[in-house]
file target.cif (mmCIF, C-alpha atoms and all ligand atoms)
data_structure
loop_
_atom_site.label_atom_id
_atom_site.label_comp_id
_atom_site.auth_asym_id
_atom_site.auth_seq_id
_atom_site.Cartn_x
_atom_site.Cartn_y
_atom_site.Cartn_z
CA MET X 1 2.40 184.27 26.23
CA ARG X 2 3.21 186.73 29.01
CA GLU X 3 0.22 187.57 31.19
CA ILE X 4 0.32 191.25 30.21
CA GLU X 5 0.06 190.23 26.56
CA ARG X 6 -3.01 188.12 27.33
CA ILE X 7 -4.57 191.06 29.22
CA ASP X 8 -3.77 193.54 26.46
CA LYS X 9 -5.15 191.23 23.77
CA ALA X 10 -8.46 191.04 25.65
CA ALA X 11 -8.40 194.82 26.20
CA ALA X 12 -7.78 195.50 22.51
CA TYR X 13 -10.63 193.19 21.51
CA ILE X 14 -13.07 194.81 23.92
CA ARG X 15 -12.08 198.33 22.85
CA GLU X 16 -12.54 197.40 19.20
CA ALA X 17 -15.94 195.76 19.81
CA LEU X 18 -17.43 198.10 22.43
CA GLY X 19 -15.37 201.30 22.49
CA GLU X 20 -13.82 203.21 25.37
CA ALA X 21 -15.41 203.55 28.81
CA ASP X 22 -14.93 205.62 31.97
CA ILE X 23 -16.79 203.39 34.40
CA ALA X 24 -17.17 199.63 34.78
CA VAL X 25 -19.76 197.80 36.85
CA VAL X 26 -19.61 194.15 37.86
CA LEU X 27 -23.18 192.96 38.34
CA GLY X 28 -23.57 190.41 41.11
CA SER X 29 -26.19 187.68 41.43
CA GLY X 30 -29.65 188.90 40.53
CA LEU X 31 -28.50 192.29 39.24
CA GLY X 32 -27.75 191.22 35.69
CA ASP X 33 -30.68 192.88 34.03
CA TYR X 34 -29.41 196.32 35.06
CA VAL X 35 -27.81 196.26 31.60
CA GLU X 36 -31.27 197.29 30.37
CA ALA X 37 -30.54 200.77 31.73
CA LEU X 38 -27.78 201.30 29.14
CA GLN X 39 -28.54 203.48 26.14
CA ASP X 40 -27.14 202.48 22.75
CA ALA X 41 -26.21 199.18 24.35
CA ARG X 42 -23.89 196.71 22.71
CA MET X 43 -22.93 193.27 24.02
CA ILE X 44 -20.29 190.66 23.42
CA PRO X 45 -20.34 187.21 25.05
CA TYR X 46 -17.28 186.43 27.17
CA SER X 47 -16.71 183.37 24.97
CA GLU X 48 -15.83 185.75 22.12
CA ILE X 49 -13.14 187.65 24.03
CA PRO X 50 -9.66 186.20 23.61
CA GLY X 51 -8.33 184.72 26.85
CA PHE X 52 -11.66 184.83 28.72
CA PRO X 53 -12.64 181.52 30.33
CA ALA X 54 -16.15 180.10 30.02
CA SER X 55 -18.47 180.91 32.94
CA THR X 56 -20.18 177.93 34.56
CA VAL X 57 -22.59 178.97 37.33
CA ALA X 58 -26.32 178.88 36.61
CA GLY X 59 -27.76 182.37 36.99
CA HIS X 60 -24.48 183.99 35.94
CA ALA X 61 -24.56 184.93 32.28
CA GLY X 62 -21.24 185.66 30.65
CA GLU X 63 -21.78 188.91 28.80
CA LEU X 64 -19.92 192.17 28.57
CA TRP X 65 -22.18 195.12 27.85
CA ALA X 66 -21.37 198.70 26.95
CA GLY X 67 -23.49 201.78 26.57
CA THR X 68 -24.22 205.24 27.84
CA LEU X 69 -25.71 206.06 31.23
CA HIS X 70 -26.16 209.66 32.43
CA GLY X 71 -23.87 210.77 29.63
CA LYS X 72 -21.03 208.45 30.72
CA ARG X 73 -19.58 205.52 28.85
CA VAL X 74 -20.19 202.47 31.02
CA LEU X 75 -19.13 198.83 30.72
CA MET X 76 -21.17 196.23 32.59
CA MET X 77 -20.08 192.70 33.34
CA ARG X 78 -23.10 190.45 33.48
CA GLY X 79 -21.57 187.49 35.24
CA ARG X 80 -18.14 187.15 36.79
CA PHE X 81 -15.61 184.38 37.31
CA HIS X 82 -15.32 182.84 40.77
CA SER X 83 -12.43 180.99 42.31
CA TYR X 84 -14.80 178.26 43.53
CA GLU X 85 -15.65 177.40 39.93
CA GLY X 86 -12.07 176.27 39.57
CA HIS X 87 -10.83 179.34 37.73
CA PRO X 88 -7.32 180.41 38.61
CA LEU X 89 -7.32 183.89 40.13
CA SER X 90 -5.48 185.18 37.05
CA ASP X 91 -8.67 184.35 35.12
CA VAL X 92 -10.95 185.74 37.82
CA VAL X 93 -9.27 189.14 37.55
CA LEU X 94 -8.55 189.14 33.82
CA PRO X 95 -11.64 191.22 32.92
CA ILE X 96 -10.76 193.80 35.58
CA ARG X 97 -7.19 194.07 34.37
CA ALA X 98 -8.30 194.31 30.75
CA MET X 99 -10.67 197.15 31.64
CA ALA X 100 -7.92 198.90 33.60
CA ARG X 101 -5.65 198.68 30.54
CA MET X 102 -8.50 200.13 28.43
CA GLY X 103 -8.39 203.20 30.66
CA VAL X 104 -11.43 202.53 32.86
CA LYS X 105 -10.84 204.51 36.04
CA ASP X 106 -13.87 203.81 38.25
CA LEU X 107 -14.92 200.26 39.08
CA ILE X 108 -18.16 199.41 40.88
CA LEU X 109 -18.21 195.88 42.30
CA THR X 110 -21.51 194.42 43.46
CA ASN X 111 -22.31 191.10 45.05
CA ALA X 112 -24.72 189.07 47.12
CA ALA X 113 -23.43 188.44 50.62
CA GLY X 114 -24.44 186.94 53.93
CA ALA X 115 -24.92 189.31 56.88
CA VAL X 116 -22.52 188.59 59.75
CA ASN X 117 -23.43 191.72 61.69
CA VAL X 118 -26.63 190.87 63.58
CA ASP X 119 -27.80 194.49 63.38
CA PHE X 120 -28.18 194.01 59.63
CA ALA X 121 -31.06 192.25 57.91
CA PRO X 122 -31.66 190.37 54.66
CA GLY X 123 -32.46 192.88 51.96
CA ASP X 124 -30.11 195.56 53.35
CA LEU X 125 -27.52 197.11 51.06
CA MET X 126 -24.02 197.52 52.48
CA LEU X 127 -21.27 199.83 51.33
CA ILE X 128 -18.01 197.93 51.63
CA THR X 129 -15.53 199.93 53.70
CA ASP X 130 -12.75 197.32 53.78
CA PHE X 131 -12.17 193.62 53.25
CA ILE X 132 -10.75 190.59 55.02
CA ASN X 133 -9.24 187.89 52.84
CA PHE X 134 -10.02 184.53 54.47
CA SER X 135 -9.28 182.56 51.30
CA GLY X 136 -5.54 182.19 51.74
CA LYS X 137 -5.20 183.19 48.08
CA ASN X 138 -4.18 186.39 46.37
CA PRO X 139 -4.49 187.22 42.67
CA LEU X 140 -1.11 188.99 42.74
CA THR X 141 0.71 185.78 43.68
CA GLY X 142 3.49 185.12 41.18
CA PRO X 143 5.79 187.45 39.31
CA ASN X 144 4.60 191.04 39.58
CA ILE X 145 3.16 192.49 36.39
CA ASP X 146 5.06 195.75 36.48
CA GLU X 147 3.00 197.22 33.63
CA LEU X 148 -0.04 197.08 35.94
CA GLY X 149 1.29 198.18 39.29
CA PRO X 150 3.80 197.74 42.11
CA ARG X 151 4.91 194.50 43.80
CA PHE X 152 3.58 195.49 47.21
CA PRO X 153 0.46 197.58 46.64
CA ASP X 154 -1.08 199.53 49.49
CA MET X 155 -4.49 198.20 50.54
CA SER X 156 -5.11 200.67 53.37
CA ARG X 157 -7.66 202.51 51.20
CA ALA X 158 -8.91 199.74 48.94
CA TYR X 159 -12.39 201.27 48.61
CA ASP X 160 -12.17 204.82 47.38
CA LYS X 161 -13.18 207.47 49.89
CA ARG X 162 -14.74 209.82 47.35
CA LEU X 163 -16.74 207.04 45.70
CA ARG X 164 -17.97 205.95 49.12
CA ALA X 165 -19.10 209.50 49.90
CA ILE X 166 -20.88 209.65 46.54
CA ALA X 167 -22.66 206.36 47.26
CA ALA X 168 -23.73 207.53 50.72
CA GLU X 169 -25.01 210.78 49.21
CA ALA X 170 -26.88 208.98 46.42
CA ALA X 171 -28.47 206.60 48.93
CA ALA X 172 -29.58 209.48 51.17
CA GLU X 173 -31.11 211.36 48.25
CA CYS X 174 -33.03 208.26 47.13
CA GLY X 175 -34.17 207.41 50.66
CA ILE X 176 -32.21 204.17 50.64
CA THR X 177 -30.74 202.88 53.90
CA LEU X 178 -27.12 202.05 53.19
CA ARG X 179 -25.25 200.02 55.78
CA GLU X 180 -21.47 200.18 55.95
CA GLY X 181 -19.11 197.40 56.83
CA VAL X 182 -16.27 194.98 56.21
CA TYR X 183 -16.67 192.24 53.61
CA ALA X 184 -14.90 188.96 54.25
CA TRP X 185 -14.00 186.66 51.37
CA PHE X 186 -14.34 182.92 51.85
CA ASN X 187 -13.54 180.83 48.79
CA GLY X 188 -16.72 178.72 48.82
CA PRO X 189 -18.53 176.95 47.22
CA THR X 190 -19.72 175.69 50.60
CA TYR X 191 -21.45 178.31 52.66
CA GLU X 192 -19.51 179.02 55.83
CA THR X 193 -19.96 177.04 59.03
CA PRO X 194 -21.50 178.74 62.09
CA ALA X 195 -18.05 178.56 63.75
CA GLU X 196 -16.46 180.32 60.78
CA ILE X 197 -19.11 183.04 60.97
CA ARG X 198 -18.51 183.54 64.71
CA MET X 199 -14.79 183.78 63.96
CA ALA X 200 -15.39 186.25 61.14
CA ARG X 201 -17.53 188.44 63.41
CA VAL X 202 -14.95 188.45 66.21
CA LEU X 203 -12.29 189.39 63.66
CA GLY X 204 -14.27 192.33 62.35
CA ALA X 205 -16.39 191.13 59.42
CA ASP X 206 -19.90 192.48 58.79
CA ALA X 207 -20.65 190.41 55.70
CA VAL X 208 -19.31 187.32 53.94
CA GLY X 209 -19.19 186.30 50.33
CA MET X 210 -17.35 184.35 47.67
CA SER X 211 -16.28 187.10 45.28
CA THR X 212 -15.24 190.76 45.02
CA VAL X 213 -11.99 190.65 47.01
CA PRO X 214 -9.78 189.28 44.21
CA GLU X 215 -11.26 191.85 41.83
CA THR X 216 -10.70 194.62 44.38
CA ILE X 217 -7.07 193.63 44.85
CA ALA X 218 -6.38 193.50 41.10
CA ALA X 219 -8.17 196.80 40.51
CA VAL X 220 -6.32 198.64 43.28
CA HIS X 221 -3.04 197.16 42.02
CA ALA X 222 -3.83 198.51 38.55
CA GLY X 223 -4.66 201.98 39.89
CA MET X 224 -8.46 201.91 39.61
CA ARG X 225 -10.80 203.56 42.10
CA VAL X 226 -13.10 200.90 43.56
CA LEU X 227 -16.58 201.07 45.02
CA GLY X 228 -18.05 197.92 46.54
CA VAL X 229 -21.71 197.36 47.39
CA SER X 230 -23.17 194.17 48.84
CA CYS X 231 -26.76 193.06 48.78
CA LEU X 232 -27.20 191.19 52.06
CA THR X 233 -29.38 188.33 50.90
CA ASN X 234 -29.41 186.25 54.08
CA MET X 235 -28.18 186.12 57.63
CA ALA X 236 -24.87 184.22 57.60
CA ALA X 237 -24.70 180.61 58.79
CA GLY X 238 -25.72 179.86 62.37
CA ILE X 239 -27.35 183.22 63.11
CA LEU X 240 -30.84 181.92 62.47
CA ASP X 241 -32.04 178.42 63.17
CA ALA X 242 -32.43 177.65 59.48
CA PRO X 243 -30.22 176.26 56.72
CA LEU X 244 -28.79 178.54 54.03
CA SER X 245 -29.88 178.07 50.47
CA HIS X 246 -28.95 179.46 47.07
CA GLN X 247 -32.67 179.92 46.50
CA GLU X 248 -32.96 182.29 49.47
CA VAL X 249 -30.00 184.24 48.12
CA MET X 250 -31.61 184.55 44.69
CA GLU X 251 -35.06 185.43 46.09
CA THR X 252 -33.78 188.25 48.31
CA GLY X 253 -31.63 189.51 45.44
CA GLU X 254 -34.74 189.63 43.30
CA ARG X 255 -36.70 191.49 45.99
CA VAL X 256 -34.06 194.21 46.43
CA ARG X 257 -33.09 194.47 42.79
CA GLY X 258 -35.04 197.68 42.15
CA THR X 259 -33.50 199.48 45.14
CA PHE X 260 -30.04 198.27 44.20
CA ARG X 261 -30.51 199.59 40.66
CA THR X 262 -31.74 202.95 41.96
CA LEU X 263 -28.62 203.26 44.10
CA LEU X 264 -26.26 202.34 41.24
CA ASP X 265 -28.03 204.78 38.98
CA GLY X 266 -27.66 207.56 41.55
CA VAL X 267 -23.96 206.77 41.94
CA ILE X 268 -23.24 206.73 38.22
CA GLU X 269 -25.10 210.00 37.74
CA LYS X 270 -22.83 211.66 40.31
CA LEU X 271 -19.52 210.25 39.04
N1 LIG X 301 -21.98 183.23 52.42
C1 LIG X 301 -21.20 183.32 51.33
N2 LIG X 301 -21.60 183.83 50.18
C2 LIG X 301 -22.86 184.32 50.12
C3 LIG X 301 -23.73 184.25 51.21
C4 LIG X 301 -23.26 183.68 52.43
O1 LIG X 301 -23.97 183.60 53.45
N3 LIG X 301 -24.91 184.81 50.81
C5 LIG X 301 -24.73 185.19 49.53
N4 LIG X 301 -23.50 184.89 49.10
#
call {"tool": "encode", "arguments": {"input": "target.cif", "output": "structure tokens", "more": "lines below"}}
Ligand code: HPA
result
Amino acid sequence: MREIERIDKAAAYIREALGEADIAVVLGSGLGDYVEALQDARMIPYSEIPGFPASTVAGHAGELWAGTLHGKRVLMMRGRFHSYEGHPLSDVVLPIRAMARMGVKDLILTNAAGAVNVDFAPGDLMLITDFINFSGKNPLTGPNIDELGPRFPDMSRAYDKRLRAIAAEAAAECGITLREGVYAWFNGPTYETPAEIRMARVLGADAVGMSTVPETIAAVHAGMRVLGVSCLTNMAAGILDAPLSHQEVMETGERVRGTFRTLLDGVIEKL
């Protein structure tokens, strides 16, 4: 089957099961229960959607939710596919492409990330202004899918300017401090080494994580407007004299969850 047929099959299934949507949100670690905010919510497990792989990471459910929020039709991905799980990038970005083909225009990507910028602190939220791809991989590798977008897509404005302004405005109105910075993608699943973090800082990164960049690339390719927000759950490796742990990431995510939800809510209201 051609890749576009696989994407369109998934898109048709989702549209049939959940209806149309204007906005999609990918919920990062710890944010999953934001689906509770949806009115008239409906859910389908990823395992039901043709072509979707099975998610493997503990703490990442595999559910696609749909409902109404501030009068808008919103899809929410509770759980995403990561390259470090062994998924090919074509699978990692399949949900994004399917939603693009359904006509979703605005995509909000969220994640947990390590703070590389020493002026930032665990618990801070960061608006992603740009990315650095340290993975050596790209989801557009292979024949271009002309139905989605061009062979050499522009990435000079990957994160939409208007959406960023809306997020900054929503944060200000809610009294939320919103940092801004560059997100660097490392494949994982190891956390980075202190040397890699020093390198990333010198090269312009403010945060590091193991997701979001492939989805951003696929979304921009397919003509979506992208907003990216990171929850900085820990200082990146080597900054503090302490080891990194998944537990710390989850605990900080939990602590900031309410603020993160308030920000997302403010953004969606203004879209
Ligand atoms: N590195 C990579 N991914 C992460 C981190 C980190 O420090 N924290 C949360 N996700």
call {"tool": "closest_residue", "arguments": {"input": "target.cif", "among": "X:Ala242, X:Ala37, X:Ala113, X:Ala17", "to": "ligand LIG 301 (chain X)", "atoms": "all atoms listed in the file"}}
result
X:Ala113
call {"tool": "residues_near_ligand", "arguments": {"input": "target.cif", "ligand": "ligand LIG 301 (chain X)", "cutoff": "9 Å", "atoms": "all atoms listed in the file", "output": "PDB file with C-alpha atoms, in the coordinates of the input"}}
result
ATOM      1  CA  SER X  29     -26.190 187.680  41.430  1.00  0.00           C
ATOM      2  CA  ASN X 111     -22.310 191.100  45.050  1.00  0.00           C
ATOM      3  CA  ALA X 112     -24.720 189.070  47.120  1.00  0.00           C
ATOM      4  CA  ALA X 113     -23.430 188.440  50.620  1.00  0.00           C
ATOM      5  CA  GLY X 114     -24.440 186.940  53.930  1.00  0.00           C
ATOM      6  CA  ALA X 115     -24.920 189.310  56.880  1.00  0.00           C
ATOM      7  CA  VAL X 116     -22.520 188.590  59.750  1.00  0.00           C
ATOM      8  CA  ALA X 184     -14.900 188.960  54.250  1.00  0.00           C
ATOM      9  CA  TRP X 185     -14.000 186.660  51.370  1.00  0.00           C
ATOM     10  CA  PHE X 186     -14.340 182.920  51.850  1.00  0.00           C
ATOM     11  CA  ASN X 187     -13.540 180.830  48.790  1.00  0.00           C
ATOM     12  CA  GLY X 188     -16.720 178.720  48.820  1.00  0.00           C
ATOM     13  CA  PRO X 189     -18.530 176.950  47.220  1.00  0.00           C
ATOM     14  CA  THR X 190     -19.720 175.690  50.600  1.00  0.00           C
ATOM     15  CA  TYR X 191     -21.450 178.310  52.660  1.00  0.00           C
ATOM     16  CA  GLU X 192     -19.510 179.020  55.830  1.00  0.00           C
ATOM     17  CA  ILE X 197     -19.110 183.040  60.970  1.00  0.00           C
ATOM     18  CA  ALA X 207     -20.650 190.410  55.700  1.00  0.00           C
ATOM     19  CA  VAL X 208     -19.310 187.320  53.940  1.00  0.00           C
ATOM     20  CA  GLY X 209     -19.190 186.300  50.330  1.00  0.00           C
ATOM     21  CA  MET X 210     -17.350 184.350  47.670  1.00  0.00           C
ATOM     22  CA  SER X 211     -16.280 187.100  45.280  1.00  0.00           C
ATOM     23  CA  CYS X 231     -26.760 193.060  48.780  1.00  0.00           C
ATOM     24  CA  LEU X 232     -27.200 191.190  52.060  1.00  0.00           C
ATOM     25  CA  THR X 233     -29.380 188.330  50.900  1.00  0.00           C
ATOM     26  CA  ASN X 234     -29.410 186.250  54.080  1.00  0.00           C
ATOM     27  CA  MET X 235     -28.180 186.120  57.630  1.00  0.00           C
ATOM     28  CA  ALA X 236     -24.870 184.220  57.600  1.00  0.00           C
ATOM     29  CA  ALA X 237     -24.700 180.610  58.790  1.00  0.00           C
ATOM     30  CA  LEU X 244     -28.790 178.540  54.030  1.00  0.00           C
ATOM     31  CA  SER X 245     -29.880 178.070  50.470  1.00  0.00           C
ATOM     32  CA  HIS X 246     -28.950 179.460  47.070  1.00  0.00           C
ATOM     33  CA  GLU X 248     -32.960 182.290  49.470  1.00  0.00           C
ATOM     34  CA  VAL X 249     -30.000 184.240  48.120  1.00  0.00           C
ATOM     35  CA  MET X 250     -31.610 184.550  44.690  1.00  0.00           C
TER      36      MET X 250
END
call {"tool": "closest_residue", "arguments": {"input": "target.cif", "among": "X:Val104, X:Leu64, X:Leu178, X:Val256", "to": "Ile166 in chain X", "atoms": "only C-alpha atoms"}}
result
X:Leu178
call {"tool": "closest_residue", "arguments": {"input": "target.cif", "among": "X:Gly228, X:His221, X:Arg6, X:Gly238", "to": "Asp91 in chain X", "atoms": "all atoms listed in the file"}}
result
X:Arg6
call {"tool": "residues_around", "arguments": {"input": "target.cif", "residues": "range 140-143 of chain X", "least_positions_apart": "6", "cutoff": "12 Å", "atoms": "all atoms listed in the file", "output": "list in words"}}
result
Arg2, Glu3, Ile4, Pro88, Leu89, Ser90, Asp91, Val92, Val93, Leu94, Arg97, Gly149, Pro150, Arg151, Phe152, Pro153, Val213, Pro214, Glu215, Thr216, Ile217, Ala218, Ala219, Val220, His221 and Ala222 of chain X
call {"tool": "closest_residue", "arguments": {"input": "target.cif", "among": "X:Glu173, X:Asp8, X:Asp106, X:Glu36", "to": "Gly266 in chain X", "atoms": "all atoms listed in the file"}}
result
X:Glu173
call {"tool": "residues_around", "arguments": {"input": "target.cif", "residues": "Leu107 in chain X", "least_positions_apart": "3", "cutoff": "8 Å", "atoms": "only C-alpha atoms", "output": "short mmCIF file (atom, residue, chain, number, x, y, z; two decimals) with C-alpha atoms, in the coordinates of the input"}}
result
data_model
loop_
_atom_site.label_atom_id
_atom_site.label_comp_id
_atom_site.auth_asym_id
_atom_site.auth_seq_id
_atom_site.Cartn_x
_atom_site.Cartn_y
_atom_site.Cartn_z
CA ILE X 23 -16.79 203.39 34.40
CA ALA X 24 -17.17 199.63 34.78
CA VAL X 25 -19.76 197.80 36.85
CA VAL X 26 -19.61 194.15 37.86
CA VAL X 104 -11.43 202.53 32.86
CA ALA X 219 -8.17 196.80 40.51
CA MET X 224 -8.46 201.91 39.61
CA ARG X 225 -10.80 203.56 42.10
CA VAL X 226 -13.10 200.90 43.56
CA LEU X 227 -16.58 201.07 45.02
#
call {"tool": "atom_distance", "arguments": {"input": "target.cif", "atom1": "CA of Ala168 in chain X", "atom2": "CA of Leu127 in chain X"}}
result
8.1 Å
call {"tool": "atom_distance", "arguments": {"input": "target.cif", "atom1": "CA of Ser230 in chain X", "atom2": "CA of Arg198 in chain X"}}
result
19.7 Å
call {"tool": "atom_distance", "arguments": {"input": "target.cif", "atom1": "CA of Pro50 in chain X", "atom2": "CA of Ala10 in chain X"}}
result
5.4 Å
call {"tool": "axis_aligned_box", "arguments": {"input": "target.cif", "around": "range 97-104 of chain X", "padding_each_side": "6 Å", "output": "lines of an AutoDock Vina configuration file"}}
result
center_x = -8.5
center_y = 198.6
center_z = 31.4
size_x = 17.8
size_y = 21.1
size_z = 17.9
